[in-house]
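For reference, target.pdb is printed below; it contains PDB, C-alpha atoms, pLDDT in the B column.
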```
ATOM      1  CA  MET A   6     112.019 173.449  92.028  1.00 87.00           C
ATOM      2  CA  SER A   7     109.201 175.794  93.084  1.00 93.00           C
ATOM      3  CA  VAL A   8     106.053 174.638  94.880  1.00 97.00           C
ATOM      4  CA  TYR A   9     104.113 175.116  91.653  1.00 97.00           C
ATOM      5  CA  GLU A  10     106.646 173.114  89.637  1.00 97.00           C
ATOM      6  CA  LYS A  11     106.424 170.316  92.201  1.00 97.00           C
ATOM      7  CA  LEU A  12     102.623 170.301  92.013  1.00 97.00           C
ATOM      8  CA  LYS A  13     102.825 170.134  88.217  1.00 97.00           C
ATOM      9  CA  ALA A  14     105.421 167.329  88.339  1.00 97.00           C
ATOM     10  CA  LEU A  15     103.090 165.384  90.666  1.00 97.00           C
ATOM     11  CA  ASN A  16     100.224 166.023  88.227  1.00 98.00           C
ATOM     12  CA  ILE A  17      98.244 167.839  90.921  1.00 97.00           C
ATOM     13  CA  GLU A  18      95.750 170.521  90.005  1.00 96.00           C
ATOM     14  CA  LEU A  19      94.488 172.349  93.058  1.00 97.00           C
ATOM     15  CA  PRO A  20      90.702 172.276  93.452  1.00 95.00           C
ATOM     16  CA  ALA A  21      88.455 175.198  94.335  1.00 94.00           C
ATOM     17  CA  VAL A  22      88.501 175.972  98.042  1.00 94.00           C
ATOM     18  CA  ALA A  23      85.812 174.066  99.917  1.00 87.00           C
ATOM     19  CA  THR A  24      83.009 175.948 101.610  1.00 88.00           C
ATOM     20  CA  PRO A  25      82.352 175.508 105.322  1.00 91.00           C
ATOM     21  CA  ALA A  26      79.777 172.855 106.210  1.00 83.00           C
ATOM     22  CA  ALA A  27      78.783 174.609 109.451  1.00 89.00           C
ATOM     23  CA  ALA A  28      79.437 177.793 111.486  1.00 94.00           C
ATOM     24  CA  TYR A  29      83.160 178.346 110.862  1.00 96.00           C
ATOM     25  CA  VAL A  30      85.618 179.694 108.273  1.00 97.00           C
ATOM     26  CA  MET A  31      88.051 177.591 106.246  1.00 97.00           C
ATOM     27  CA  TYR A  32      91.064 179.428 107.682  1.00 98.00           C
ATOM     28  CA  ALA A  33      91.962 182.126 110.179  1.00 98.00           C
ATOM     29  CA  GLN A  34      95.178 184.113 110.348  1.00 98.00           C
ATOM     30  CA  THR A  35      96.858 185.783 113.284  1.00 98.00           C
ATOM     31  CA  GLY A  36     100.162 187.444 112.550  1.00 98.00           C
ATOM     32  CA  ASN A  37     102.119 185.154 110.208  1.00 98.00           C
ATOM     33  CA  THR A  38     100.341 182.009 111.395  1.00 98.00           C
ATOM     34  CA  VAL A  39      97.453 180.507 109.425  1.00 98.00           C
ATOM     35  CA  PHE A  40      95.144 177.935 110.991  1.00 98.00           C
ATOM     36  CA  LEU A  41      93.277 175.778 108.467  1.00 98.00           C
ATOM     37  CA  SER A  42      90.033 174.180 109.596  1.00 98.00           C
ATOM     38  CA  GLY A  43      89.646 170.439 109.415  1.00 97.00           C
ATOM     39  CA  HIS A  44      89.123 169.193 105.856  1.00 97.00           C
ATOM     40  CA  LEU A  45      87.236 165.963 105.221  1.00 97.00           C
ATOM     41  CA  ALA A  46      88.469 163.336 102.793  1.00 97.00           C
ATOM     42  CA  LYS A  47      86.624 163.428  99.476  1.00 96.00           C
ATOM     43  CA  LYS A  48      86.494 161.059  96.534  1.00 95.00           C
ATOM     44  CA  ASP A  49      84.827 161.986  93.240  1.00 93.00           C
ATOM     45  CA  GLY A  50      83.507 165.174  94.854  1.00 90.00           C
ATOM     46  CA  LYS A  51      81.743 163.372  97.707  1.00 95.00           C
ATOM     47  CA  VAL A  52      82.748 162.672 101.293  1.00 97.00           C
ATOM     48  CA  TRP A  53      84.995 159.581 101.384  1.00 97.00           C
ATOM     49  CA  VAL A  54      83.085 157.469 103.889  1.00 98.00           C
ATOM     50  CA  GLY A  55      84.531 154.596 105.894  1.00 97.00           C
ATOM     51  CA  GLN A  56      85.729 153.367 109.249  1.00 98.00           C
ATOM     52  CA  LEU A  57      89.227 151.922 109.587  1.00 97.00           C
ATOM     53  CA  GLY A  58      89.150 148.453 111.066  1.00 96.00           C
ATOM     54  CA  ASN A  59      85.659 147.963 109.678  1.00 95.00           C
ATOM     55  CA  ASP A  60      85.060 148.747 105.998  1.00 95.00           C
ATOM     56  CA  ILE A  61      88.143 150.600 104.688  1.00 97.00           C
ATOM     57  CA  GLY A  62      91.803 149.582 104.774  1.00 97.00           C
ATOM     58  CA  THR A  63      94.938 151.481 105.690  1.00 98.00           C
ATOM     59  CA  GLU A  64      96.161 151.915 102.088  1.00 97.00           C
ATOM     60  CA  ASP A  65      92.835 153.336 100.864  1.00 97.00           C
ATOM     61  CA  ALA A  66      92.649 155.655 103.858  1.00 98.00           C
ATOM     62  CA  LYS A  67      96.244 156.748 103.209  1.00 98.00           C
ATOM     63  CA  GLN A  68      95.085 157.830  99.731  1.00 98.00           C
ATOM     64  CA  ALA A  69      92.164 159.628 101.371  1.00 98.00           C
ATOM     65  CA  ALA A  70      94.624 161.512 103.616  1.00 98.00           C
ATOM     66  CA  ARG A  71      96.646 162.438 100.522  1.00 98.00           C
ATOM     67  CA  ALA A  72      93.462 163.826  98.941  1.00 98.00           C
ATOM     68  CA  VAL A  73      92.844 165.877 102.092  1.00 98.00           C
ATOM     69  CA  ALA A  74      96.376 167.313 101.806  1.00 98.00           C
ATOM     70  CA  ILE A  75      95.616 168.510  98.272  1.00 98.00           C
ATOM     71  CA  ASP A  76      92.494 170.287  99.544  1.00 97.00           C
ATOM     72  CA  LEU A  77      94.490 171.795 102.426  1.00 98.00           C
ATOM     73  CA  ILE A  78      97.100 173.122  99.994  1.00 98.00           C
ATOM     74  CA  ALA A  79      94.310 174.748  97.951  1.00 98.00           C
ATOM     75  CA  THR A  80      92.948 176.437 101.072  1.00 98.00           C
ATOM     76  CA  LEU A  81      96.451 177.503 102.103  1.00 98.00           C
ATOM     77  CA  GLN A  82      96.916 179.065  98.676  1.00 98.00           C
ATOM     78  CA  ALA A  83      93.742 181.109  99.239  1.00 97.00           C
ATOM     79  CA  ALA A  84      95.023 182.147 102.672  1.00 97.00           C
ATOM     80  CA  CYS A  85      98.257 183.299 101.007  1.00 97.00           C
ATOM     81  CA  GLY A  86      96.409 185.543  98.573  1.00 96.00           C
ATOM     82  CA  GLY A  87      96.897 183.031  95.759  1.00 97.00           C
ATOM     83  CA  ASP A  88     100.675 182.712  96.229  1.00 97.00           C
ATOM     84  CA  LEU A  89     102.024 179.515  97.803  1.00 98.00           C
ATOM     85  CA  THR A  90     105.575 180.871  97.577  1.00 97.00           C
ATOM     86  CA  ARG A  91     104.650 182.860 100.706  1.00 97.00           C
ATOM     87  CA  VAL A  92     104.626 179.633 102.750  1.00 98.00           C
ATOM     88  CA  LYS A  93     107.614 179.680 105.100  1.00 98.00           C
ATOM     89  CA  ARG A  94     106.792 176.469 106.948  1.00 98.00           C
ATOM     90  CA  ILE A  95     104.108 173.894 107.501  1.00 98.00           C
ATOM     91  CA  VAL A  96     104.084 173.863 111.286  1.00 98.00           C
ATOM     92  CA  LYS A  97     101.672 171.082 112.224  1.00 98.00           C
ATOM     93  CA  LEU A  98      99.070 168.623 110.955  1.00 98.00           C
ATOM     94  CA  MET A  99      96.392 167.132 113.162  1.00 98.00           C
ATOM     95  CA  SER A 100      94.741 164.041 111.730  1.00 98.00           C
ATOM     96  CA  LEU A 101      91.518 162.425 112.913  1.00 98.00           C
ATOM     97  CA  VAL A 102      90.958 158.896 111.665  1.00 98.00           C
ATOM     98  CA  ASN A 103      87.497 157.333 111.861  1.00 98.00           C
ATOM     99  CA  SER A 104      88.345 153.957 113.359  1.00 98.00           C
ATOM    100  CA  THR A 105      87.306 151.069 115.535  1.00 97.00           C
ATOM    101  CA  GLY A 106      88.905 150.656 118.938  1.00 95.00           C
ATOM    102  CA  ALA A 107      91.067 147.817 117.636  1.00 97.00           C
ATOM    103  CA  PHE A 108      92.610 149.845 114.761  1.00 97.00           C
ATOM    104  CA  THR A 109      96.171 151.040 115.496  1.00 97.00           C
ATOM    105  CA  GLU A 110      97.582 152.339 112.189  1.00 97.00           C
ATOM    106  CA  HIS A 111      96.450 155.976 112.415  1.00 97.00           C
ATOM    107  CA  HIS A 112     100.029 157.104 111.891  1.00 97.00           C
ATOM    108  CA  LEU A 113     100.274 155.165 108.615  1.00 98.00           C
ATOM    109  CA  VAL A 114      97.006 156.646 107.334  1.00 98.00           C
ATOM    110  CA  THR A 115      98.232 160.152 108.178  1.00 98.00           C
ATOM    111  CA  ASN A 116     101.473 159.536 106.268  1.00 98.00           C
ATOM    112  CA  GLY A 117      99.393 159.994 103.099  1.00 98.00           C
ATOM    113  CA  ALA A 118      99.108 163.693 103.933  1.00 98.00           C
ATOM    114  CA  SER A 119     102.516 164.148 105.559  1.00 98.00           C
ATOM    115  CA  GLU A 120     104.417 162.587 102.668  1.00 98.00           C
ATOM    116  CA  LEU A 121     102.668 164.768 100.073  1.00 98.00           C
ATOM    117  CA  ILE A 122     103.214 167.942 102.129  1.00 98.00           C
ATOM    118  CA  GLY A 123     106.907 167.035 102.342  1.00 98.00           C
ATOM    119  CA  GLU A 124     107.128 166.416  98.597  1.00 97.00           C
ATOM    120  CA  VAL A 125     105.453 169.698  97.705  1.00 98.00           C
ATOM    121  CA  PHE A 126     107.085 172.026 100.253  1.00 98.00           C
ATOM    122  CA  GLY A 127     110.453 170.311 100.735  1.00 97.00           C
ATOM    123  CA  GLU A 128     112.303 171.386 103.867  1.00 97.00           C
ATOM    124  CA  ALA A 129     109.510 173.859 104.709  1.00 98.00           C
ATOM    125  CA  GLY A 130     107.072 170.943 104.667  1.00 98.00           C
ATOM    126  CA  LYS A 131     108.665 169.109 107.611  1.00 98.00           C
ATOM    127  CA  HIS A 132     106.026 169.437 110.302  1.00 98.00           C
ATOM    128  CA  ALA A 133     104.978 168.337 113.764  1.00 98.00           C
ATOM    129  CA  ARG A 134     101.951 166.038 113.793  1.00 98.00           C
ATOM    130  CA  SER A 135      99.270 164.320 115.816  1.00 98.00           C
ATOM    131  CA  ALA A 136      97.165 161.382 114.611  1.00 97.00           C
ATOM    132  CA  PHE A 137      94.102 160.319 116.567  1.00 96.00           C
ATOM    133  CA  GLY A 138      91.561 157.567 116.244  1.00 97.00           C
ATOM    134  CA  VAL A 139      87.982 158.757 116.727  1.00 97.00           C
ATOM    135  CA  ALA A 140      84.675 156.903 116.916  1.00 96.00           C
ATOM    136  CA  GLN A 141      83.116 158.948 114.091  1.00 97.00           C
ATOM    137  CA  LEU A 142      83.660 162.013 111.891  1.00 97.00           C
ATOM    138  CA  PRO A 143      81.178 164.377 110.255  1.00 96.00           C
ATOM    139  CA  MET A 144      79.174 162.715 107.475  1.00 96.00           C
ATOM    140  CA  GLY A 145      80.986 159.419 108.130  1.00 97.00           C
ATOM    141  CA  ALA A 146      84.269 160.636 106.587  1.00 98.00           C
ATOM    142  CA  CYS A 147      87.212 158.272 107.018  1.00 98.00           C
ATOM    143  CA  VAL A 148      89.767 161.056 107.639  1.00 98.00           C
ATOM    144  CA  GLU A 149      89.758 164.716 108.683  1.00 98.00           C
ATOM    145  CA  ILE A 150      92.944 166.790 108.831  1.00 98.00           C
ATOM    146  CA  GLU A 151      93.690 170.338 109.931  1.00 98.00           C
ATOM    147  CA  MET A 152      96.897 172.291 109.356  1.00 98.00           C
ATOM    148  CA  ILE A 153      98.865 175.170 110.830  1.00 98.00           C
ATOM    149  CA  ALA A 154     101.294 177.084 108.604  1.00 98.00           C
ATOM    150  CA  GLU A 155     103.622 180.069 108.848  1.00 98.00           C
ATOM    151  CA  ILE A 156     103.555 182.489 105.930  1.00 98.00           C
ATOM    152  CA  ALA A 157     105.658 185.481 104.915  1.00 96.00           C
TER     153      ALA A 157
END
```
Show me the file's structure as structure tokens.
Amino acid sequence: MSVYEKLKALNIELPAVATPAAAYVMYAQTGNTVFLSGHLAKKDGKVWVGQLGNDIGTEDAKQAARAVAIDLIATLQAACGGDLTRVKRIVKLMSLVNSTGAFTEHHLVTNGASELIGEVFGEAGKHARSAFGVAQLPMGACVEIEMIAEIA
């Protein structure tokens, strides 16, 4: 099944690529490697605000991370000239989770993105990963994730 067939089967329609909120670009390419800037979790078109261990739970934040993955895939498609079949491998995700010092389930939150990337890209979606807890994210977002991919 192609990447596009998998997206359709998962009932995922890729959104328009987000615009930068500050002085950066959404992706940069060097050789066959594409670096995607951090994408904030959004819900209903607005930043998905919350702090894990305070006012949002792991399962909701896992859904937020899944939503970030959809936005990352849309940006990756733009980086590939509109053709996701050029993706050879998702190399790495780095996840920042807005959390209290007592929260310890960053890895479970980040699974929301990792699991979707694996479903969509199959073997090429198996990636290295880091998940960090941070005291705050831009605009109070609950999750921010960046991605590195290899393209043909």
Residues picked by the PyMOL selection byres ((chain A and resi 37) around 12) here, as a ChimeraX atom specification? /A:33-36,38-40,84-85,91-96,153-157
At a cut-off of 10 Å, using only C-alpha atoms, what residues contact Glu18 (chain A)? Leave out same-chain residues fewer than 6 positions from it and give the result as an MDAnalysis selection string. chainID A and resid 9 12 75 79
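Of note, CA of Ile61 (chain A) and CA of Phe108 (chain A) are spaced 11.0 Å apart.
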Record the distance separating CA of Glu151 (chain A) and CA of Ala107 (chain A), expressed in Å with one decimal.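 Separation between CA of Glu151 (chain A) and CA of Ala107 (chain A): 23.9 Å.
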Show which residues sit within 6 Å of Gly117 (chain A), as a PDB file with C-alpha atoms, in the coordinates of the input. Count all atoms listed in the file, and ignore same-chain residues fewer than 4 positions away.
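Final file, around-v3.pdb:
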```pdb
ATOM      1  CA  LYS A  67      96.244 156.748 103.209  1.00 98.00           C
ATOM      2  CA  GLN A  68      95.085 157.830  99.731  1.00 98.00           C
ATOM      3  CA  ALA A  70      94.624 161.512 103.616  1.00 98.00           C
ATOM      4  CA  ARG A  71      96.646 162.438 100.522  1.00 98.00           C
TER       5      ARG A  71
END
```
As AutoDock Vina command-line options, please: the centre and edge lengths in Å, to one decimal, of an axis-aligned box enclosing every listed atom of region 10-27 of chain A with 4 Å added on each side.
```
--center_x 92.7 --center_y 170.7 --center_z 98.8 --size_x 35.9 --size_y 18.6 --size_z 29.2
```
Explicit residue set for the PyMOL selection byres ((chain A and resi 137) around 7), as a VMD selection string: chain A and resid 100 to 102 111 135 to 136 138 to 139
Selected residue, from A:Ala28, A:Val22, A:Leu41, A:Ala146, that lies nearest to Asp60 (chain A) when counting all atoms listed in the file: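 Closest residue, counting all atoms listed in the file: A:Ala146.
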Applying the PyMOL selection byres ((chain A and resi 43) around 12) to the file I just gave you, which residues come out? Please list them as a ChimeraX atom specification. /A:23-27,29-33,40-42,44-46,70,73-74,76-77,80,98-102,142-143,146,148-153
May I ask for the distance between CA of Gln141 (chain A) and CA of Asp49 (chain A), given in Å to one decimal place?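 So the two atoms, CA of Gln141 (chain A) and CA of Asp49 (chain A), lie 21.1 Å apart.
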Nearest to Thr109 (chain A) by atom-to-atom distance, counting all atoms listed in the file, from A:Ala72, A:Gly58, A:Glu124, A:Ala14: A:Gly58
Give me the residues near Asp88 (chain A) as a list in words, where near means some atom within 10 Å (using all atoms listed in the file) and where sequence neighbours in that chain fewer than 5 positions away do not count.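 With the cut-off at 10 Å, the set is Val8, Tyr9, Leu81, Gln82 and Ala83 of chain A.
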Among the residues A:Leu57, A:Lys51, A:Leu15, A:Met6, the one that comes closest to Cys147 (chain A) [using all atoms listed in the file]: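 Among the listed residues, the smallest separation from Cys147 (chain A) belongs to A:Leu57.
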With all atoms listed in the file as the atoms that count, which of A:Asn103, A:Ala133, A:Glu10, A:Pro20 lies nearest to Ala66 (chain A)?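 Of A:Asn103, A:Ala133, A:Glu10, A:Pro20, the one nearest Ala66 (chain A), counting all atoms listed in the file, is A:Asn103.
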A:Thr115, A:Asn59, A:Thr105, A:Ser7: which is nearest Gly127 (chain A), counting only C-alpha atoms?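 Closest to Gly127 (chain A), using only C-alpha atoms: A:Ser7.
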